[in-house]
file run_33.cif (mmCIF, C-alpha atoms)
data_final
loop_
_atom_site.label_atom_id
_atom_site.label_comp_id
_atom_site.auth_asym_id
_atom_site.auth_seq_id
_atom_site.Cartn_x
_atom_site.Cartn_y
_atom_site.Cartn_z
CA MET A 1450 0.35 -9.56 30.12
CA SER A 1451 4.05 -10.15 29.52
CA ALA A 1452 6.56 -7.51 28.49
CA ALA A 1453 7.56 -7.20 24.84
CA PRO A 1454 10.66 -9.24 23.95
CA ARG A 1455 14.00 -7.48 23.58
CA SER A 1456 14.60 -6.76 19.92
CA ALA A 1457 17.85 -6.98 18.00
CA GLY A 1458 17.87 -3.18 18.00
CA HIS A 1459 17.64 -3.05 21.80
CA ARG A 1460 20.52 -5.51 22.06
CA LEU A 1461 22.57 -3.41 19.59
CA LEU A 1462 21.85 -0.23 21.55
CA SER A 1463 22.70 -1.93 24.85
CA LEU A 1464 26.03 -3.17 23.45
CA TRP A 1465 26.80 0.34 22.12
CA GLN A 1466 26.07 1.88 25.50
CA GLN A 1467 28.29 -0.67 27.27
CA CYS A 1468 31.19 -0.30 24.84
CA ARG A 1469 31.32 3.44 24.19
CA SER A 1470 32.67 4.37 27.62
CA LEU A 1471 35.36 1.67 27.65
CA PRO A 1472 38.92 2.20 26.47
CA PHE A 1473 38.89 0.98 22.86
CA GLY A 1474 35.11 0.61 23.21
CA ALA A 1475 34.41 1.80 19.67
CA GLN A 1476 36.82 -0.83 18.32
CA LEU A 1477 35.17 -3.53 20.47
CA PHE A 1478 31.77 -2.49 19.17
CA GLY A 1479 33.14 -2.61 15.61
CA LEU A 1480 34.41 -6.15 16.16
CA ALA A 1481 31.02 -7.21 17.50
CA LEU A 1482 29.36 -5.59 14.48
CA ARG A 1483 31.67 -7.45 12.08
CA PHE A 1484 30.78 -10.72 13.78
CA THR A 1485 27.04 -10.05 13.88
CA VAL A 1486 26.60 -8.48 10.43
CA PRO A 1487 29.55 -9.79 8.37
CA TYR A 1488 28.72 -8.04 5.08
CA THR A 1489 28.29 -4.59 6.61
CA GLY A 1490 31.14 -5.28 9.02
CA ALA A 1491 33.46 -5.91 6.06
CA LEU A 1492 32.76 -2.35 4.90
CA GLY A 1493 34.23 -1.10 8.18
CA PRO A 1494 31.73 1.54 9.29
CA ARG A 1495 32.40 3.33 12.59
CA VAL A 1496 29.41 4.15 14.75
CA LEU A 1497 29.82 7.68 16.09
CA GLN A 1498 26.43 8.07 17.73
CA LEU A 1499 23.55 5.69 18.32
CA GLU A 1500 20.33 6.29 20.15
CA PRO A 1501 16.76 5.10 19.62
CA GLY A 1502 15.76 6.38 16.19
CA PHE A 1503 19.08 8.02 15.32
CA ALA A 1504 22.39 6.80 13.94
CA ARG A 1505 25.52 8.67 12.88
CA VAL A 1506 28.07 6.44 11.14
CA ALA A 1507 31.42 7.17 9.49
CA LEU A 1508 33.23 5.44 6.65
CA ASP A 1509 36.90 6.11 6.14
CA ASP A 1510 38.13 6.50 2.59
CA ARG A 1511 40.58 3.72 1.80
CA ARG A 1512 41.62 1.61 -1.16
CA GLY A 1513 39.19 -1.21 -0.31
CA VAL A 1514 36.12 1.01 -0.78
CA ARG A 1515 37.30 2.97 -3.83
CA ASN A 1516 36.27 2.71 -7.46
CA HIS A 1517 38.10 3.34 -10.74
CA LEU A 1518 37.33 7.08 -10.41
CA ASP A 1519 39.44 7.29 -7.23
CA SER A 1520 36.39 7.99 -5.07
CA ILE A 1521 34.29 5.91 -2.67
CA HIS A 1522 32.35 3.25 -4.59
CA ALA A 1523 28.65 3.85 -5.15
CA LEU A 1524 27.64 0.60 -3.47
CA ALA A 1525 29.83 1.30 -0.45
CA LEU A 1526 27.85 4.53 -0.02
CA ALA A 1527 24.55 2.66 -0.47
CA ASN A 1528 25.62 0.07 2.11
CA LEU A 1529 26.65 2.79 4.57
CA GLY A 1530 23.29 4.53 4.16
CA GLU A 1531 21.37 1.28 4.56
CA PHE A 1532 23.34 0.49 7.72
CA ALA A 1533 22.65 3.94 9.21
CA SER A 1534 18.96 3.54 8.35
CA GLY A 1535 18.88 0.07 9.88
CA ALA A 1536 20.64 1.12 13.06
CA ALA A 1537 18.21 4.03 13.50
CA MET A 1538 15.17 1.90 12.66
CA THR A 1539 15.97 -1.17 14.74
CA THR A 1540 16.91 0.82 17.84
CA ALA A 1541 13.58 2.68 17.64
CA LEU A 1542 11.36 -0.39 17.23
CA PRO A 1543 9.52 -1.90 20.16
CA GLY A 1544 10.26 -5.59 20.70
CA ASP A 1545 6.89 -6.71 19.34
CA ILE A 1546 7.49 -5.19 15.88
CA ARG A 1547 9.71 -6.74 13.22
CA SER A 1548 11.25 -5.07 10.18
CA ILE A 1549 12.78 -5.98 6.86
CA VAL A 1550 14.15 -3.90 3.99
CA THR A 1551 11.95 -4.13 0.89
CA GLY A 1552 13.41 -1.34 -1.21
CA LEU A 1553 16.39 0.93 -1.60
CA SER A 1554 16.75 4.11 -3.60
CA VAL A 1555 20.09 5.87 -4.00
CA GLU A 1556 20.85 9.35 -5.26
CA TYR A 1557 24.48 10.22 -5.94
CA VAL A 1558 25.10 13.96 -5.69
CA LYS A 1559 28.88 14.18 -6.05
CA LYS A 1560 32.01 12.04 -5.83
CA ALA A 1561 32.77 10.99 -2.28
CA ARG A 1562 36.32 11.39 -1.09
CA GLY A 1563 37.74 11.41 2.41
CA THR A 1564 35.84 10.26 5.46
CA VAL A 1565 32.07 10.43 4.94
CA ILE A 1566 29.36 10.58 7.59
CA ALA A 1567 25.90 9.03 7.21
CA GLU A 1568 23.03 10.16 9.41
CA ALA A 1569 19.56 8.67 9.66
CA ARG A 1570 16.68 9.63 11.90
CA VAL A 1571 13.40 7.74 12.16
CA SER A 1572 10.08 8.05 13.90
CA VAL A 1573 8.29 4.72 13.96
CA PRO A 1574 4.66 4.90 12.84
CA GLN A 1575 1.83 3.03 14.52
CA VAL A 1576 2.00 -0.61 13.43
CA HIS A 1577 -1.17 -2.71 13.69
CA GLY A 1578 -0.64 -4.67 10.47
CA ASP A 1579 1.88 -4.51 7.63
CA VAL A 1580 3.19 -0.95 7.20
CA GLU A 1581 5.74 0.41 4.73
CA HIS A 1582 7.90 3.21 6.05
CA ASP A 1583 10.73 5.08 4.29
CA VAL A 1584 13.85 6.17 6.15
CA ARG A 1585 16.25 8.68 4.61
CA ALA A 1586 19.98 8.55 5.27
CA GLU A 1587 22.10 11.50 4.18
CA ILE A 1588 25.82 11.09 3.55
CA ARG A 1589 28.11 14.10 3.72
CA ASP A 1590 31.83 14.58 3.18
CA GLY A 1591 34.31 16.33 5.47
CA ALA A 1592 33.31 19.74 4.08
CA GLY A 1593 29.67 19.02 4.96
CA ASP A 1594 28.66 18.65 1.30
CA MET A 1595 25.96 16.12 0.48
CA VAL A 1596 27.43 13.25 -1.53
CA SER A 1597 24.56 10.78 -1.44
CA VAL A 1598 21.00 10.28 -0.22
CA ILE A 1599 19.76 6.77 0.47
CA THR A 1600 16.08 6.08 1.03
CA VAL A 1601 15.36 2.70 2.56
CA ARG A 1602 11.85 1.24 2.48
CA TRP A 1603 11.08 -0.86 5.54
CA LYS A 1604 8.20 -3.29 5.95
CA LEU A 1605 7.09 -3.21 9.57
CA SER A 1606 4.69 -5.74 11.05
CA PRO A 1607 3.69 -7.13 14.42
CA ARG A 1608 5.58 -10.24 15.48
CA PRO A 1609 3.37 -13.33 15.22
#
call {"tool": "encode", "arguments": {"input": "run_33.cif", "output": "structure tokens"}}
result
Amino acid sequence: MSAAPRSAGHRLLSLWQQCRSLPFGAQLFGLALRFTVPYTGALGPRVLQLEPGFARVALDDRRGVRNHLDSIHALALANLGEFASGAAMTTALPGDIRSIVTGLSVEYVKKARGTVIAEARVSVPQVHGDVEHDVRAEIRDGAGDMVSVITVRWKLSPRP
């Protein structure tokens, strides 16, 4: 029996582990992220912590992510939460399981200003066929106040 293939999440985690101890490693990782996932990379998230099943990601408040209310745009928050969820999910998955987002629910609690931090934690269920699994990402501001909760529905299935 052969070993399970390395997943995209394992490659992401390996790159994070290689970069984080280097001078400017976080910036190098960010550049790699922008290249690999251009849409999310354009948002400019900064990975603060990444381990199998857990991601902590920051988004700096800047003009490019603001709305007409002078706060971070609702969809920038949704994208940040989806990215945190995806980083946590993909790094937790074994190589023989694939995943895709099939749903996204967003709750906005208060206006987001200043740097915000998204955290997502996931425990992967047993996957013998198609399984739907929700992952919650919480986004907090610098004061620790909840600004948004993003629930991402993932379809998990064995690789063919």
call {"tool": "atom_distance", "arguments": {"input": "run_33.cif", "atom1": "atom CA of A:Leu1492", "atom2": "atom CA of A:Thr1539"}}
result
19.5 Å
call {"tool": "residues_around", "arguments": {"input": "run_33.cif", "residues": "A:Gly1563", "least_positions_apart": "2", "cutoff": "8 Å", "atoms": "only C-alpha atoms", "output": "number ranges by chain"}}
result
A: 1509-1510, 1561, 1565, 1590-1591
call {"tool": "resolve_selection", "arguments": {"input": "run_33.cif", "expression": "the PyMOL selection byres ((chain A and resi 1500) around 12)", "output": "PDB file with C-alpha atoms, keeping the file's coordinate frame"}}
result
ATOM      1  CA  GLY A1458      17.870  -3.180  18.000  1.00  0.00           C
ATOM      2  CA  HIS A1459      17.640  -3.050  21.800  1.00  0.00           C
ATOM      3  CA  ARG A1460      20.520  -5.510  22.060  1.00  0.00           C
ATOM      4  CA  LEU A1461      22.570  -3.410  19.590  1.00  0.00           C
ATOM      5  CA  LEU A1462      21.850  -0.230  21.550  1.00  0.00           C
ATOM      6  CA  SER A1463      22.700  -1.930  24.850  1.00  0.00           C
ATOM      7  CA  LEU A1464      26.030  -3.170  23.450  1.00  0.00           C
ATOM      8  CA  TRP A1465      26.800   0.340  22.120  1.00  0.00           C
ATOM      9  CA  GLN A1466      26.070   1.880  25.500  1.00  0.00           C
ATOM     10  CA  VAL A1496      29.410   4.150  14.750  1.00  0.00           C
ATOM     11  CA  LEU A1497      29.820   7.680  16.090  1.00  0.00           C
ATOM     12  CA  GLN A1498      26.430   8.070  17.730  1.00  0.00           C
ATOM     13  CA  LEU A1499      23.550   5.690  18.320  1.00  0.00           C
ATOM     14  CA  PRO A1501      16.760   5.100  19.620  1.00  0.00           C
ATOM     15  CA  GLY A1502      15.760   6.380  16.190  1.00  0.00           C
ATOM     16  CA  PHE A1503      19.080   8.020  15.320  1.00  0.00           C
ATOM     17  CA  ALA A1504      22.390   6.800  13.940  1.00  0.00           C
ATOM     18  CA  ARG A1505      25.520   8.670  12.880  1.00  0.00           C
ATOM     19  CA  VAL A1506      28.070   6.440  11.140  1.00  0.00           C
ATOM     20  CA  ALA A1533      22.650   3.940   9.210  1.00  0.00           C
ATOM     21  CA  ALA A1536      20.640   1.120  13.060  1.00  0.00           C
ATOM     22  CA  ALA A1537      18.210   4.030  13.500  1.00  0.00           C
ATOM     23  CA  MET A1538      15.170   1.900  12.660  1.00  0.00           C
ATOM     24  CA  THR A1539      15.970  -1.170  14.740  1.00  0.00           C
ATOM     25  CA  THR A1540      16.910   0.820  17.840  1.00  0.00           C
ATOM     26  CA  ALA A1541      13.580   2.680  17.640  1.00  0.00           C
ATOM     27  CA  LEU A1542      11.360  -0.390  17.230  1.00  0.00           C
ATOM     28  CA  GLU A1568      23.030  10.160   9.410  1.00  0.00           C
ATOM     29  CA  ALA A1569      19.560   8.670   9.660  1.00  0.00           C
ATOM     30  CA  ARG A1570      16.680   9.630  11.900  1.00  0.00           C
ATOM     31  CA  VAL A1571      13.400   7.740  12.160  1.00  0.00           C
TER      32      VAL A1571
END
call {"tool": "resolve_selection", "arguments": {"input": "run_33.cif", "expression": "the PyMOL selection byres ((chain A and resi 1549-1553) around 6)", "output": "MDAnalysis selection string"}}
result
chainID A and resid 1548 1554 1600:1604
call {"tool": "closest_residue", "arguments": {"input": "run_33.cif", "among": "A:Arg1608, A:Arg1512, A:Arg1495, A:Arg1547", "to": "A:Glu1581", "atoms": "only C-alpha atoms"}}
result
A:Arg1547
call {"tool": "resolve_selection", "arguments": {"input": "run_33.cif", "expression": "the PyMOL selection byres ((chain A and resi 1520) around 7)", "output": "list in words"}}
result
Arg1515, Asn1516, Leu1518, Asp1519, Ile1521, His1522, Lys1560, Ala1561 and Arg1562 of chain A
call {"tool": "atom_distance", "arguments": {"input": "run_33.cif", "atom1": "atom CA of A:Gly1530", "atom2": "atom CA of A:Gly1493"}}
result
12.9 Å
call {"tool": "residues_near_point", "arguments": {"input": "run_33.cif", "point": "(21.8, 11.7, -5.9)", "cutoff": "7 Å", "atoms": "all atoms listed in the file", "output": "list in words"}}
result
Val1555, Glu1556, Tyr1557, Val1558, Ser1597 and Val1598 of chain A
call {"tool": "write_last_selection", "arguments": {"input": "run_33.cif", "atoms": "C-alpha atoms", "output": "mmCIF file, in the coordinates of the input"}}
result
data_model
loop_
_atom_site.group_PDB
_atom_site.id
_atom_site.type_symbol
_atom_site.label_atom_id
_atom_site.label_comp_id
_atom_site.auth_asym_id
_atom_site.auth_seq_id
_atom_site.Cartn_x
_atom_site.Cartn_y
_atom_site.Cartn_z
ATOM 1 C CA VAL A 1555 20.090 5.870 -4.000
ATOM 2 C CA GLU A 1556 20.850 9.350 -5.260
ATOM 3 C CA TYR A 1557 24.480 10.220 -5.940
ATOM 4 C CA VAL A 1558 25.100 13.960 -5.690
ATOM 5 C CA SER A 1597 24.560 10.780 -1.440
ATOM 6 C CA VAL A 1598 21.000 10.280 -0.220
#
call {"tool": "atom_distance", "arguments": {"input": "run_33.cif", "atom1": "atom CA of A:Ser1456", "atom2": "atom CA of A:Asn1528"}}
result
22.0 Å
call {"tool": "closest_residue", "arguments": {"input": "run_33.cif", "among": "A:Thr1564, A:Gln1476, A:Gln1575, A:Thr1489", "to": "A:Gly1535", "atoms": "only C-alpha atoms"}}
result
A:Thr1489
call {"tool": "residues_around", "arguments": {"input": "run_33.cif", "residues": "A:His1577", "least_positions_apart": "2", "cutoff": "9 Å", "atoms": "only C-alpha atoms", "output": "number ranges by chain"}}
result
A: 1575, 1579-1580, 1606-1607
call {"tool": "write_last_selection", "arguments": {"input": "run_33.cif", "atoms": "C-alpha atoms", "output": "compact mmCIF listing (two decimals), keeping the file's coordinate frame"}}
result
# COMPACT_ATOMS: atom_id res chain seq x y z
CA GLN A 1575 1.83 3.03 14.52
CA ASP A 1579 1.88 -4.51 7.63
CA VAL A 1580 3.19 -0.95 7.20
CA SER A 1606 4.69 -5.74 11.05
CA PRO A 1607 3.69 -7.13 14.42
call {"tool": "residues_around", "arguments": {"input": "run_33.cif", "residues": "A:Lys1559", "least_positions_apart": "6", "cutoff": "9 Å", "atoms": "all atoms listed in the file", "output": "list in words"}}
result
Asp1594, Met1595, Val1596 and Ser1597 of chain A
call {"tool": "decode", "arguments": {"input": "run_33.cif", "residues": "stretch 1473-1517 of chain A", "atoms": "N, CA and C atoms", "output": "PDB file, in the first residue's frame"}}
result
ATOM      1  N   PHE A1473      12.633  38.030   7.297  1.00  0.00           N
ATOM      2  CA  PHE A1473      11.608  38.404   6.320  1.00  0.00           C
ATOM      3  C   PHE A1473      10.803  37.190   5.847  1.00  0.00           C
ATOM      4  N   GLY A1474      10.779  36.135   6.655  1.00  0.00           N
ATOM      5  CA  GLY A1474      10.079  34.906   6.283  1.00  0.00           C
ATOM      6  C   GLY A1474       8.586  35.104   6.105  1.00  0.00           C
ATOM      7  N   ALA A1475       7.981  35.922   6.967  1.00  0.00           N
ATOM      8  CA  ALA A1475       6.542  36.176   6.851  1.00  0.00           C
ATOM      9  C   ALA A1475       6.234  36.882   5.531  1.00  0.00           C
ATOM     10  N   GLN A1476       7.107  37.807   5.132  1.00  0.00           N
ATOM     11  CA  GLN A1476       6.910  38.503   3.859  1.00  0.00           C
ATOM     12  C   GLN A1476       7.087  37.546   2.680  1.00  0.00           C
ATOM     13  N   LEU A1477       8.075  36.646   2.778  1.00  0.00           N
ATOM     14  CA  LEU A1477       8.271  35.644   1.720  1.00  0.00           C
ATOM     15  C   LEU A1477       7.054  34.741   1.603  1.00  0.00           C
ATOM     16  N   PHE A1478       6.530  34.328   2.743  1.00  0.00           N
ATOM     17  CA  PHE A1478       5.339  33.483   2.737  1.00  0.00           C
ATOM     18  C   PHE A1478       4.172  34.243   2.107  1.00  0.00           C
ATOM     19  N   GLY A1479       4.034  35.523   2.449  1.00  0.00           N
ATOM     20  CA  GLY A1479       2.975  36.351   1.868  1.00  0.00           C
ATOM     21  C   GLY A1479       3.087  36.463   0.364  1.00  0.00           C
ATOM     22  N   LEU A1480       4.311  36.606  -0.138  1.00  0.00           N
ATOM     23  CA  LEU A1480       4.518  36.654  -1.591  1.00  0.00           C
ATOM     24  C   LEU A1480       4.115  35.335  -2.244  1.00  0.00           C
ATOM     25  N   ALA A1481       4.494  34.234  -1.620  1.00  0.00           N
ATOM     26  CA  ALA A1481       4.122  32.920  -2.147  1.00  0.00           C
ATOM     27  C   ALA A1481       2.599  32.766  -2.141  1.00  0.00           C
ATOM     28  N   LEU A1482       1.958  33.241  -1.088  1.00  0.00           N
ATOM     29  CA  LEU A1482       0.501  33.180  -1.000  1.00  0.00           C
ATOM     30  C   LEU A1482      -0.141  33.990  -2.125  1.00  0.00           C
ATOM     31  N   ARG A1483       0.367  35.196  -2.357  1.00  0.00           N
ATOM     32  CA  ARG A1483      -0.178  36.043  -3.428  1.00  0.00           C
ATOM     33  C   ARG A1483      -0.056  35.373  -4.790  1.00  0.00           C
ATOM     34  N   PHE A1484       1.032  34.653  -4.990  1.00  0.00           N
ATOM     35  CA  PHE A1484       1.250  33.966  -6.256  1.00  0.00           C
ATOM     36  C   PHE A1484       0.324  32.753  -6.391  1.00  0.00           C
ATOM     37  N   THR A1485       0.165  32.009  -5.301  1.00  0.00           N
ATOM     38  CA  THR A1485      -0.608  30.777  -5.324  1.00  0.00           C
ATOM     39  C   THR A1485      -2.112  31.016  -5.316  1.00  0.00           C
ATOM     40  N   VAL A1486      -2.555  31.987  -4.517  1.00  0.00           N
ATOM     41  CA  VAL A1486      -3.985  32.292  -4.382  1.00  0.00           C
ATOM     42  C   VAL A1486      -4.167  33.790  -4.643  1.00  0.00           C
ATOM     43  N   PRO A1487      -4.158  34.195  -5.923  1.00  0.00           N
ATOM     44  CA  PRO A1487      -4.124  35.628  -6.249  1.00  0.00           C
ATOM     45  C   PRO A1487      -5.246  36.468  -5.624  1.00  0.00           C
ATOM     46  N   TYR A1488      -6.472  35.957  -5.617  1.00  0.00           N
ATOM     47  CA  TYR A1488      -7.577  36.756  -5.085  1.00  0.00           C
ATOM     48  C   TYR A1488      -7.381  37.031  -3.597  1.00  0.00           C
ATOM     49  N   THR A1489      -7.144  35.994  -2.825  1.00  0.00           N
ATOM     50  CA  THR A1489      -6.914  36.175  -1.395  1.00  0.00           C
ATOM     51  C   THR A1489      -5.624  36.947  -1.156  1.00  0.00           C
ATOM     52  N   GLY A1490      -4.608  36.669  -1.949  1.00  0.00           N
ATOM     53  CA  GLY A1490      -3.343  37.382  -1.822  1.00  0.00           C
ATOM     54  C   GLY A1490      -3.499  38.874  -2.009  1.00  0.00           C
ATOM     55  N   ALA A1491      -4.408  39.273  -2.900  1.00  0.00           N
ATOM     56  CA  ALA A1491      -4.648  40.704  -3.140  1.00  0.00           C
ATOM     57  C   ALA A1491      -5.213  41.394  -1.904  1.00  0.00           C
ATOM     58  N   LEU A1492      -5.909  40.645  -1.060  1.00  0.00           N
ATOM     59  CA  LEU A1492      -6.444  41.192   0.184  1.00  0.00           C
ATOM     60  C   LEU A1492      -5.310  41.563   1.142  1.00  0.00           C
ATOM     61  N   GLY A1493      -4.211  40.796   1.072  1.00  0.00           N
ATOM     62  CA  GLY A1493      -3.046  41.086   1.909  1.00  0.00           C
ATOM     63  C   GLY A1493      -3.097  40.529   3.310  1.00  0.00           C
ATOM     64  N   PRO A1494      -3.668  39.334   3.515  1.00  0.00           N
ATOM     65  CA  PRO A1494      -3.668  38.785   4.870  1.00  0.00           C
ATOM     66  C   PRO A1494      -2.260  38.402   5.308  1.00  0.00           C
ATOM     67  N   ARG A1495      -2.022  38.476   6.609  1.00  0.00           N
ATOM     68  CA  ARG A1495      -0.733  38.055   7.183  1.00  0.00           C
ATOM     69  C   ARG A1495      -0.975  36.855   8.079  1.00  0.00           C
ATOM     70  N   VAL A1496      -0.341  35.751   7.764  1.00  0.00           N
ATOM     71  CA  VAL A1496      -0.465  34.563   8.593  1.00  0.00           C
ATOM     72  C   VAL A1496       0.389  34.773   9.842  1.00  0.00           C
ATOM     73  N   LEU A1497      -0.247  34.646  10.997  1.00  0.00           N
ATOM     74  CA  LEU A1497       0.443  34.807  12.275  1.00  0.00           C
ATOM     75  C   LEU A1497       0.784  33.457  12.885  1.00  0.00           C
ATOM     76  N   GLN A1498      -0.089  32.490  12.655  1.00  0.00           N
ATOM     77  CA  GLN A1498       0.122  31.153  13.200  1.00  0.00           C
ATOM     78  C   GLN A1498      -0.596  30.166  12.293  1.00  0.00           C
ATOM     79  N   LEU A1499       0.081  29.052  12.016  1.00  0.00           N
ATOM     80  CA  LEU A1499      -0.508  28.023  11.168  1.00  0.00           C
ATOM     81  C   LEU A1499      -0.009  26.670  11.643  1.00  0.00           C
ATOM     82  N   GLU A1500      -0.939  25.816  11.944  1.00  0.00           N
ATOM     83  CA  GLU A1500      -0.615  24.446  12.320  1.00  0.00           C
ATOM     84  C   GLU A1500      -1.777  23.583  11.857  1.00  0.00           C
ATOM     85  N   PRO A1501      -1.593  22.270  11.795  1.00  0.00           N
ATOM     86  CA  PRO A1501      -2.694  21.430  11.308  1.00  0.00           C
ATOM     87  C   PRO A1501      -3.982  21.685  12.085  1.00  0.00           C
ATOM     88  N   GLY A1502      -4.999  22.153  11.386  1.00  0.00           N
ATOM     89  CA  GLY A1502      -6.293  22.405  12.000  1.00  0.00           C
ATOM     90  C   GLY A1502      -6.458  23.745  12.676  1.00  0.00           C
ATOM     91  N   PHE A1503      -5.474  24.628  12.583  1.00  0.00           N
ATOM     92  CA  PHE A1503      -5.594  25.941  13.219  1.00  0.00           C
ATOM     93  C   PHE A1503      -4.902  27.009  12.381  1.00  0.00           C
ATOM     94  N   ALA A1504      -5.583  28.133  12.219  1.00  0.00           N
ATOM     95  CA  ALA A1504      -4.988  29.279  11.532  1.00  0.00           C
ATOM     96  C   ALA A1504      -5.360  30.559  12.267  1.00  0.00           C
ATOM     97  N   ARG A1505      -4.388  31.428  12.380  1.00  0.00           N
ATOM     98  CA  ARG A1505      -4.572  32.775  12.961  1.00  0.00           C
ATOM     99  C   ARG A1505      -4.001  33.746  11.943  1.00  0.00           C
ATOM    100  N   VAL A1506      -4.869  34.625  11.410  1.00  0.00           N
ATOM    101  CA  VAL A1506      -4.515  35.478  10.277  1.00  0.00           C
ATOM    102  C   VAL A1506      -4.938  36.915  10.566  1.00  0.00           C
ATOM    103  N   ALA A1507      -4.070  37.860  10.222  1.00  0.00           N
ATOM    104  CA  ALA A1507      -4.359  39.280  10.456  1.00  0.00           C
ATOM    105  C   ALA A1507      -4.639  39.994   9.143  1.00  0.00           C
ATOM    106  N   LEU A1508      -5.449  41.027   9.234  1.00  0.00           N
ATOM    107  CA  LEU A1508      -5.684  41.936   8.104  1.00  0.00           C
ATOM    108  C   LEU A1508      -5.514  43.349   8.629  1.00  0.00           C
ATOM    109  N   ASP A1509      -4.590  44.068   8.022  1.00  0.00           N
ATOM    110  CA  ASP A1509      -4.374  45.457   8.413  1.00  0.00           C
ATOM    111  C   ASP A1509      -5.416  46.348   7.765  1.00  0.00           C
ATOM    112  N   ASP A1510      -5.912  47.291   8.532  1.00  0.00           N
ATOM    113  CA  ASP A1510      -6.869  48.279   8.058  1.00  0.00           C
ATOM    114  C   ASP A1510      -6.115  49.272   7.170  1.00  0.00           C
ATOM    115  N   ARG A1511      -6.579  49.408   5.958  1.00  0.00           N
ATOM    116  CA  ARG A1511      -5.976  50.356   5.017  1.00  0.00           C
ATOM    117  C   ARG A1511      -7.037  50.765   4.005  1.00  0.00           C
ATOM    118  N   ARG A1512      -6.759  51.806   3.268  1.00  0.00           N
ATOM    119  CA  ARG A1512      -7.732  52.358   2.332  1.00  0.00           C
ATOM    120  C   ARG A1512      -8.277  51.303   1.373  1.00  0.00           C
ATOM    121  N   GLY A1513      -7.447  50.411   0.889  1.00  0.00           N
ATOM    122  CA  GLY A1513      -7.856  49.419  -0.102  1.00  0.00           C
ATOM    123  C   GLY A1513      -8.875  48.398   0.377  1.00  0.00           C
ATOM    124  N   VAL A1514      -9.084  48.290   1.685  1.00  0.00           N
ATOM    125  CA  VAL A1514     -10.068  47.322   2.195  1.00  0.00           C
ATOM    126  C   VAL A1514     -11.234  48.017   2.900  1.00  0.00           C
ATOM    127  N   ARG A1515     -11.294  49.345   2.780  1.00  0.00           N
ATOM    128  CA  ARG A1515     -12.342  50.106   3.476  1.00  0.00           C
ATOM    129  C   ARG A1515     -13.584  50.318   2.621  1.00  0.00           C
ATOM    130  N   ASN A1516     -14.682  50.600   3.292  1.00  0.00           N
ATOM    131  CA  ASN A1516     -15.943  50.907   2.625  1.00  0.00           C
ATOM    132  C   ASN A1516     -16.289  52.388   2.821  1.00  0.00           C
ATOM    133  N   HIS A1517     -17.477  52.771   2.406  1.00  0.00           N
ATOM    134  CA  HIS A1517     -17.925  54.159   2.520  1.00  0.00           C
ATOM    135  C   HIS A1517     -18.208  54.571   3.969  1.00  0.00           C
TER     136      HIS A1517
END
